[in-house]
Amino acid sequence: MEREIENGDWAGYFEARQKELVKGGSGQRSGTIILTDFYPLNRTFYVGSHVELLGAFRAKHHIGSSAGFKALEGFQGDWVLEWNKPNSRSWFSNFGAGLRQVHVESRPGVGGVYFRGAQQSAGIDNLVVRGFGEQAIGLRAGGDTYAIRDAFSDAAKGGEKSATRREAVAFELGERRAVSIRMENITAHNCQTGLRWGDVAQLTVENYESELTDFPLVCTYNPRGVNLRNCAFRHTDNLLRLDRVRWWFDCLIKLDGQMSDNCPGRIIYPGGEHIAPKTFDLVVEANKQGVEVTNLREMREFYREGK
């Protein structure tokens, strides 16, 4: 290797290698770092705002057969990987940022990945995050107009007991606004919350599965144009929890799928709840009187009976 690893600081090694990448128009370094093995980290690796990390082969279920990063005992930092902001005035203009074919093994209480991305040059593909435990987040993603595909987020890692971890979150969109993000083929395991969002607009999630996860879907602020298709939720009777609807006239959630343990799904919202059938096709909206849930299967049945 061109540089020595000082005191086992692999994060410092990769941060230094980023300085060898070309500069873009904004003055930020931009390019791809190819990973051929998994690397031990004793602190957070701060990834450049326009940098892509690419595994040399597809990430597997276990770290030993993957390219990626493993947090060591005594790890320092809130996240294993964290993408920098482009500048002090911009949170998410991370053009070209990427994370593809990478396995991240965290430690209990340490978040896995905090990703920032912008536009089609950014994105996440084939990401496995495991082992972050209680009171931590597997993947936090913010920005706009990119895709997250084939992502597996598990609060436990291989050899640990399969059970819900308190206050663990598999996927979070934020911490500020997330716009026009597409999530496809994602799985949440062993978490209290599967997918949590605050201020989002035009979010699409397709083929989302959760196991041993108490609340597959949680909205903490405002749902504007949220589309959830082909969902499969196991080991829970909760479907969706709406903690808040900030602007009722913009509230729109479309969701279909099934509760996979032959039970109905509970939708909890301010002032009430709705029990959805095992196989559901729903629209959630709001007005001045409160939240309204429309069962599209019932509407179609009513239409057919009236013909």
# chains A, B, ... in the order shown; residues from 1 in each chain; ligands from 1
>>> select_by_dssp(residues="segment 36-252 of chain A", states="strand (DSSP E or B)", output="ChimeraX atom specification")
/A:38-47,50-55,68-83,87,90,95,98-105,111-118,123-130,137-144,147-154,165-179,182-189,191-211,215-233,238-242,252
>>> write_last_selection(atoms="C-alpha atoms", output="tab-separated table (two decimals), in the first residue's frame")
chain	number	residue	atom	x	y	z
A	38	PHE	CA	-13.35	-5.71	4.93
A	39	TYR	CA	-11.45	-3.23	7.07
A	40	PRO	CA	-11.46	-2.76	10.88
A	41	LEU	CA	-12.35	0.73	12.08
A	42	ASN	CA	-11.70	2.21	15.52
A	43	ARG	CA	-13.48	5.50	14.72
A	44	THR	CA	-15.94	7.03	12.25
A	45	PHE	CA	-14.80	7.11	8.63
A	46	TYR	CA	-15.84	10.53	7.29
A	47	VAL	CA	-16.50	10.03	3.59
A	50	HIS	CA	-18.93	13.48	-3.53
A	51	VAL	CA	-17.18	10.14	-2.95
A	52	GLU	CA	-18.47	6.67	-3.80
A	53	LEU	CA	-17.41	3.52	-1.92
A	54	LEU	CA	-17.65	0.43	-4.12
A	55	GLY	CA	-17.07	-3.16	-3.06
A	68	GLY	CA	-16.76	-3.35	3.79
A	69	PHE	CA	-16.06	-2.15	7.31
A	70	LYS	CA	-16.22	-3.58	10.83
A	71	ALA	CA	-16.40	-1.42	13.96
A	72	LEU	CA	-13.97	-2.57	16.66
A	73	GLU	CA	-14.41	-2.69	20.41
A	74	GLY	CA	-13.93	0.79	21.88
A	75	PHE	CA	-15.11	2.41	18.63
A	76	GLN	CA	-15.20	6.23	18.77
A	77	GLY	CA	-18.03	8.06	16.97
A	78	ASP	CA	-21.78	8.02	16.34
A	79	TRP	CA	-21.61	6.31	12.92
A	80	VAL	CA	-19.36	3.76	11.26
A	81	LEU	CA	-19.61	5.67	7.94
A	82	GLU	CA	-20.74	9.28	7.63
A	83	TRP	CA	-20.81	11.38	4.45
A	87	ASN	CA	-20.31	22.99	2.82
A	90	SER	CA	-25.75	22.83	2.27
A	95	PHE	CA	-23.66	14.76	-6.17
A	98	GLY	CA	-22.44	6.39	-3.45
A	99	LEU	CA	-22.34	3.19	-1.42
A	100	ARG	CA	-22.47	0.01	-3.44
A	101	GLN	CA	-21.74	-3.64	-2.67
A	102	VAL	CA	-20.66	-2.92	0.90
A	103	HIS	CA	-21.23	-4.70	4.24
A	104	VAL	CA	-21.03	-2.58	7.41
A	105	GLU	CA	-20.82	-4.37	10.76
A	111	GLY	CA	-25.18	3.88	13.94
A	112	GLY	CA	-24.25	2.07	10.76
A	113	VAL	CA	-24.34	4.56	7.87
A	114	TYR	CA	-25.31	8.23	7.57
A	115	PHE	CA	-25.60	8.85	3.84
A	116	ARG	CA	-26.21	12.08	1.98
A	117	GLY	CA	-26.96	12.06	-1.74
A	118	ALA	CA	-28.26	14.19	-4.59
A	123	GLY	CA	-27.22	6.20	-4.68
A	124	ILE	CA	-27.02	3.08	-2.55
A	125	ASP	CA	-27.06	-0.42	-3.99
A	126	ASN	CA	-26.49	-3.78	-2.25
A	127	LEU	CA	-25.85	-2.53	1.30
A	128	VAL	CA	-25.85	-4.82	4.35
A	129	VAL	CA	-25.78	-3.16	7.79
A	130	ARG	CA	-25.75	-5.35	10.89
A	137	ILE	CA	-29.96	3.45	13.41
A	138	GLY	CA	-28.83	1.12	10.65
A	139	LEU	CA	-29.10	3.54	7.72
A	140	ARG	CA	-29.97	7.23	7.83
A	141	ALA	CA	-30.37	8.73	4.36
A	142	GLY	CA	-31.10	12.29	3.30
A	143	GLY	CA	-31.15	14.31	0.13
A	144	ASP	CA	-33.13	14.04	-3.08
A	147	ALA	CA	-32.41	5.33	-5.25
A	148	ILE	CA	-31.65	2.92	-2.41
A	149	ARG	CA	-31.78	-0.68	-3.66
A	150	ASP	CA	-31.17	-4.12	-2.14
A	151	ALA	CA	-30.57	-2.86	1.39
A	152	PHE	CA	-30.65	-5.11	4.47
A	153	SER	CA	-30.63	-3.52	7.93
A	154	ASP	CA	-30.39	-5.77	10.99
A	165	ARG	CA	-33.91	-4.41	19.89
A	166	ARG	CA	-35.27	-1.49	21.95
A	167	GLU	CA	-35.34	1.83	20.07
A	168	ALA	CA	-33.42	0.36	17.14
A	169	VAL	CA	-34.33	1.84	13.73
A	170	ALA	CA	-33.51	0.00	10.52
A	171	PHE	CA	-33.98	2.91	8.09
A	172	GLU	CA	-34.46	6.62	8.75
A	173	LEU	CA	-35.02	9.36	6.18
A	174	GLY	CA	-33.66	12.66	7.45
A	175	GLU	CA	-32.44	14.25	9.63
A	176	ARG	CA	-33.77	17.05	7.46
A	177	ARG	CA	-36.06	16.89	4.46
A	178	ALA	CA	-35.86	13.98	2.02
A	179	VAL	CA	-37.41	14.44	-1.43
A	182	ARG	CA	-36.92	5.61	-4.17
A	183	MET	CA	-36.28	2.61	-1.92
A	184	GLU	CA	-36.52	-0.81	-3.54
A	185	ASN	CA	-36.16	-4.33	-2.12
A	186	ILE	CA	-35.33	-3.45	1.48
A	187	THR	CA	-35.50	-5.54	4.67
A	188	ALA	CA	-35.62	-4.55	8.36
A	189	HIS	CA	-34.70	-7.14	11.01
A	191	CYS	CA	-35.64	-3.46	15.19
A	192	GLN	CA	-38.32	-1.59	17.08
A	193	THR	CA	-38.91	0.60	14.03
A	194	GLY	CA	-38.43	-0.47	10.42
A	195	LEU	CA	-38.73	2.72	8.33
A	196	ARG	CA	-39.04	6.11	10.02
A	197	TRP	CA	-39.40	9.47	8.34
A	198	GLY	CA	-40.02	13.07	9.37
A	199	ASP	CA	-40.36	15.62	6.58
A	200	VAL	CA	-40.50	13.77	3.26
A	201	ALA	CA	-42.10	14.44	-0.11
A	202	GLN	CA	-42.70	11.96	-2.94
A	203	LEU	CA	-41.14	8.93	-1.31
A	204	THR	CA	-41.57	5.57	-3.05
A	205	VAL	CA	-40.85	2.28	-1.28
A	206	GLU	CA	-41.35	-0.97	-3.18
A	207	ASN	CA	-40.87	-4.56	-2.00
A	208	TYR	CA	-40.28	-3.83	1.68
A	209	GLU	CA	-40.15	-6.69	4.20
A	210	SER	CA	-39.81	-6.52	7.98
A	211	GLU	CA	-39.25	-9.28	10.53
A	215	PHE	CA	-43.49	-0.83	13.96
A	216	PRO	CA	-42.70	-1.31	10.25
A	217	LEU	CA	-43.68	2.27	9.36
A	218	VAL	CA	-43.46	5.41	11.52
A	219	CYS	CA	-44.07	9.04	10.50
A	220	THR	CA	-42.92	11.65	13.02
A	221	TYR	CA	-43.79	14.88	11.20
A	222	ASN	CA	-45.47	14.98	7.80
A	223	PRO	CA	-46.29	12.48	5.02
A	224	ARG	CA	-46.54	14.13	1.59
A	225	GLY	CA	-46.84	11.81	-1.37
A	226	VAL	CA	-45.64	8.59	0.28
A	227	ASN	CA	-46.08	5.46	-1.87
A	228	LEU	CA	-45.52	2.03	-0.29
A	229	ARG	CA	-46.00	-0.95	-2.59
A	230	ASN	CA	-45.80	-4.70	-2.11
A	231	CYS	CA	-45.04	-4.61	1.62
A	232	ALA	CA	-44.75	-7.76	3.76
A	233	PHE	CA	-44.67	-7.32	7.55
A	238	ASN	CA	-48.79	-2.94	13.71
A	239	LEU	CA	-48.84	-1.51	10.20
A	240	LEU	CA	-48.33	2.25	10.41
A	241	ARG	CA	-47.88	4.78	13.23
A	242	LEU	CA	-48.56	8.42	12.43
A	252	LEU	CA	-51.16	11.45	1.29
>>> select_by_dssp(residues="segment 229-307 of chain A", states="helix (DSSP H, G or I)", output="VMD selection string")
chain A and resid 248 to 250 296 to 306
>>> write_last_selection(atoms="C-alpha atoms", output="PDB file, in the first residue's frame")
ATOM      1  CA  TRP A 248     -53.324  17.912   6.807  1.00  0.00           C
ATOM      2  CA  PHE A 249     -54.043  19.244   3.283  1.00  0.00           C
ATOM      3  CA  ASP A 250     -50.764  17.715   2.009  1.00  0.00           C
ATOM      4  CA  LEU A 296     -59.607   0.568  -1.813  1.00  0.00           C
ATOM      5  CA  ARG A 297     -60.502  -3.129  -1.790  1.00  0.00           C
ATOM      6  CA  GLU A 298     -63.827  -2.290  -0.133  1.00  0.00           C
ATOM      7  CA  MET A 299     -64.433   0.472  -2.671  1.00  0.00           C
ATOM      8  CA  ARG A 300     -63.847  -1.914  -5.584  1.00  0.00           C
ATOM      9  CA  GLU A 301     -66.125  -4.513  -4.019  1.00  0.00           C
ATOM     10  CA  PHE A 302     -68.856  -1.884  -3.550  1.00  0.00           C
ATOM     11  CA  TYR A 303     -68.493  -0.893  -7.187  1.00  0.00           C
ATOM     12  CA  ARG A 304     -68.764  -4.480  -8.398  1.00  0.00           C
ATOM     13  CA  GLU A 305     -71.846  -5.145  -6.287  1.00  0.00           C
ATOM     14  CA  GLY A 306     -73.505  -2.045  -7.673  1.00  0.00           C
TER      15      GLY A 306
END
>>> atom_distance(atom1="atom CA of Ala59 of chain A", atom2="atom CA of Asp37 of chain A")
10.5 Å
>>> closest_residue(among="A:Ser49, A:Ser106, A:Ser180, A:Gln120", to="Ala156 of chain A", atoms="only C-alpha atoms")
A:Ser106
>>> closest_residue(among="A:Gln28, A:Thr36, A:Asn287, A:Gln135", to="Pro86 of chain A", atoms="only C-alpha atoms")
A:Gln28
>>> closest_residue(among="A:Gly257, A:Pro108, A:Gly96, A:Gly272", to="Ser121 of chain A", atoms="only C-alpha atoms")
A:Gly96
>>> atom_distance(atom1="atom CA of Val291 of chain A", atom2="atom CA of Thr145 of chain A")
28.2 Å
>>> decode(residues="segment 37-69 of chain A", atoms="N, CA and C atoms", output="mmCIF file, in the first residue's frame")
data_model
loop_
_atom_site.group_PDB
_atom_site.id
_atom_site.type_symbol
_atom_site.label_atom_id
_atom_site.label_comp_id
_atom_site.auth_asym_id
_atom_site.auth_seq_id
_atom_site.Cartn_x
_atom_site.Cartn_y
_atom_site.Cartn_z
ATOM 1 N N ASP A 37 -11.662 -5.844 0.446
ATOM 2 C CA ASP A 37 -11.688 -6.658 1.663
ATOM 3 C C ASP A 37 -12.575 -5.936 2.663
ATOM 4 N N PHE A 38 -12.714 -6.494 3.884
ATOM 5 C CA PHE A 38 -13.355 -5.709 4.933
ATOM 6 C C PHE A 38 -12.270 -5.190 5.870
ATOM 7 N N TYR A 39 -12.502 -3.946 6.354
ATOM 8 C CA TYR A 39 -11.454 -3.234 7.071
ATOM 9 C C TYR A 39 -11.930 -2.876 8.481
ATOM 10 N N PRO A 40 -11.079 -3.084 9.503
ATOM 11 C CA PRO A 40 -11.464 -2.760 10.878
ATOM 12 C C PRO A 40 -11.350 -1.264 11.139
ATOM 13 N N LEU A 41 -12.357 -0.696 11.771
ATOM 14 C CA LEU A 41 -12.352 0.734 12.080
ATOM 15 C C LEU A 41 -12.433 0.945 13.589
ATOM 16 N N ASN A 42 -11.603 1.861 14.104
ATOM 17 C CA ASN A 42 -11.700 2.212 15.520
ATOM 18 C C ASN A 42 -12.352 3.571 15.736
ATOM 19 N N ARG A 43 -12.757 4.222 14.631
ATOM 20 C CA ARG A 43 -13.481 5.496 14.721
ATOM 21 C C ARG A 43 -14.286 5.686 13.444
ATOM 22 N N THR A 44 -15.115 6.724 13.423
ATOM 23 C CA THR A 44 -15.935 7.030 12.254
ATOM 24 C C THR A 44 -15.061 7.346 11.040
ATOM 25 N N PHE A 45 -15.419 6.766 9.912
ATOM 26 C CA PHE A 45 -14.804 7.111 8.632
ATOM 27 C C PHE A 45 -15.674 8.185 7.997
ATOM 28 N N TYR A 46 -15.113 9.407 7.885
ATOM 29 C CA TYR A 46 -15.845 10.532 7.292
ATOM 30 C C TYR A 46 -15.587 10.520 5.780
ATOM 31 N N VAL A 47 -16.622 10.181 5.039
ATOM 32 C CA VAL A 47 -16.505 10.028 3.595
ATOM 33 C C VAL A 47 -16.733 11.380 2.934
ATOM 34 N N GLY A 48 -15.938 11.687 1.931
ATOM 35 C CA GLY A 48 -16.084 12.943 1.208
ATOM 36 C C GLY A 48 -17.476 13.108 0.617
ATOM 37 N N SER A 49 -17.922 14.335 0.504
ATOM 38 C CA SER A 49 -19.306 14.605 0.114
ATOM 39 C C SER A 49 -19.664 14.091 -1.276
ATOM 40 N N HIS A 50 -18.676 13.942 -2.154
ATOM 41 C CA HIS A 50 -18.934 13.484 -3.527
ATOM 42 C C HIS A 50 -18.221 12.159 -3.828
ATOM 43 N N VAL A 51 -17.966 11.370 -2.796
ATOM 44 C CA VAL A 51 -17.182 10.140 -2.951
ATOM 45 C C VAL A 51 -18.090 8.916 -2.913
ATOM 46 N N GLU A 52 -17.766 7.954 -3.764
ATOM 47 C CA GLU A 52 -18.465 6.668 -3.799
ATOM 48 C C GLU A 52 -17.555 5.582 -3.247
ATOM 49 N N LEU A 53 -18.107 4.721 -2.380
ATOM 50 C CA LEU A 53 -17.415 3.520 -1.924
ATOM 51 C C LEU A 53 -18.016 2.327 -2.642
ATOM 52 N N LEU A 54 -17.176 1.539 -3.292
ATOM 53 C CA LEU A 54 -17.647 0.435 -4.119
ATOM 54 C C LEU A 54 -16.914 -0.843 -3.746
ATOM 55 N N GLY A 55 -17.659 -1.854 -3.291
ATOM 56 C CA GLY A 55 -17.069 -3.158 -3.056
ATOM 57 C C GLY A 55 -16.731 -3.840 -4.367
ATOM 58 N N ALA A 56 -15.656 -4.610 -4.370
ATOM 59 C CA ALA A 56 -15.209 -5.261 -5.600
ATOM 60 C C ALA A 56 -16.102 -6.430 -5.989
ATOM 61 N N PHE A 57 -16.951 -6.875 -5.080
ATOM 62 C CA PHE A 57 -17.885 -7.968 -5.366
ATOM 63 C C PHE A 57 -19.116 -7.757 -4.495
ATOM 64 N N ARG A 58 -20.162 -8.489 -4.772
ATOM 65 C CA ARG A 58 -21.438 -8.254 -4.122
ATOM 66 C C ARG A 58 -21.360 -8.546 -2.628
ATOM 67 N N ALA A 59 -21.948 -7.656 -1.809
ATOM 68 C CA ALA A 59 -21.964 -7.831 -0.363
ATOM 69 C C ALA A 59 -22.850 -9.009 0.013
ATOM 70 N N LYS A 60 -22.363 -9.820 0.945
ATOM 71 C CA LYS A 60 -23.087 -10.998 1.406
ATOM 72 C C LYS A 60 -23.686 -10.741 2.789
ATOM 73 N N HIS A 61 -24.340 -11.789 3.311
ATOM 74 C CA HIS A 61 -25.048 -11.662 4.585
ATOM 75 C C HIS A 61 -24.084 -11.519 5.759
ATOM 76 N N HIS A 62 -22.854 -11.993 5.620
ATOM 77 C CA HIS A 62 -21.872 -11.943 6.699
ATOM 78 C C HIS A 62 -20.640 -11.156 6.253
ATOM 79 N N ILE A 63 -19.993 -10.506 7.211
ATOM 80 C CA ILE A 63 -18.881 -9.621 6.901
ATOM 81 C C ILE A 63 -17.694 -10.383 6.334
ATOM 82 N N GLY A 64 -17.482 -11.638 6.762
ATOM 83 C CA GLY A 64 -16.300 -12.379 6.341
ATOM 84 C C GLY A 64 -16.238 -12.667 4.861
ATOM 85 N N SER A 65 -17.385 -12.678 4.201
ATOM 86 C CA SER A 65 -17.416 -12.945 2.761
ATOM 87 C C SER A 65 -17.772 -11.694 1.959
ATOM 88 N N SER A 66 -17.551 -10.525 2.566
ATOM 89 C CA SER A 66 -17.931 -9.262 1.938
ATOM 90 C C SER A 66 -16.775 -8.274 1.957
ATOM 91 N N ALA A 67 -16.906 -7.242 1.145
ATOM 92 C CA ALA A 67 -16.048 -6.061 1.262
ATOM 93 C C ALA A 67 -16.806 -5.028 2.089
ATOM 94 N N GLY A 68 -16.078 -4.330 2.972
ATOM 95 C CA GLY A 68 -16.762 -3.346 3.787
ATOM 96 C C GLY A 68 -15.962 -2.945 5.006
ATOM 97 N N PHE A 69 -16.681 -2.690 6.116
ATOM 98 C CA PHE A 69 -16.056 -2.149 7.313
ATOM 99 C C PHE A 69 -16.658 -2.785 8.558
#
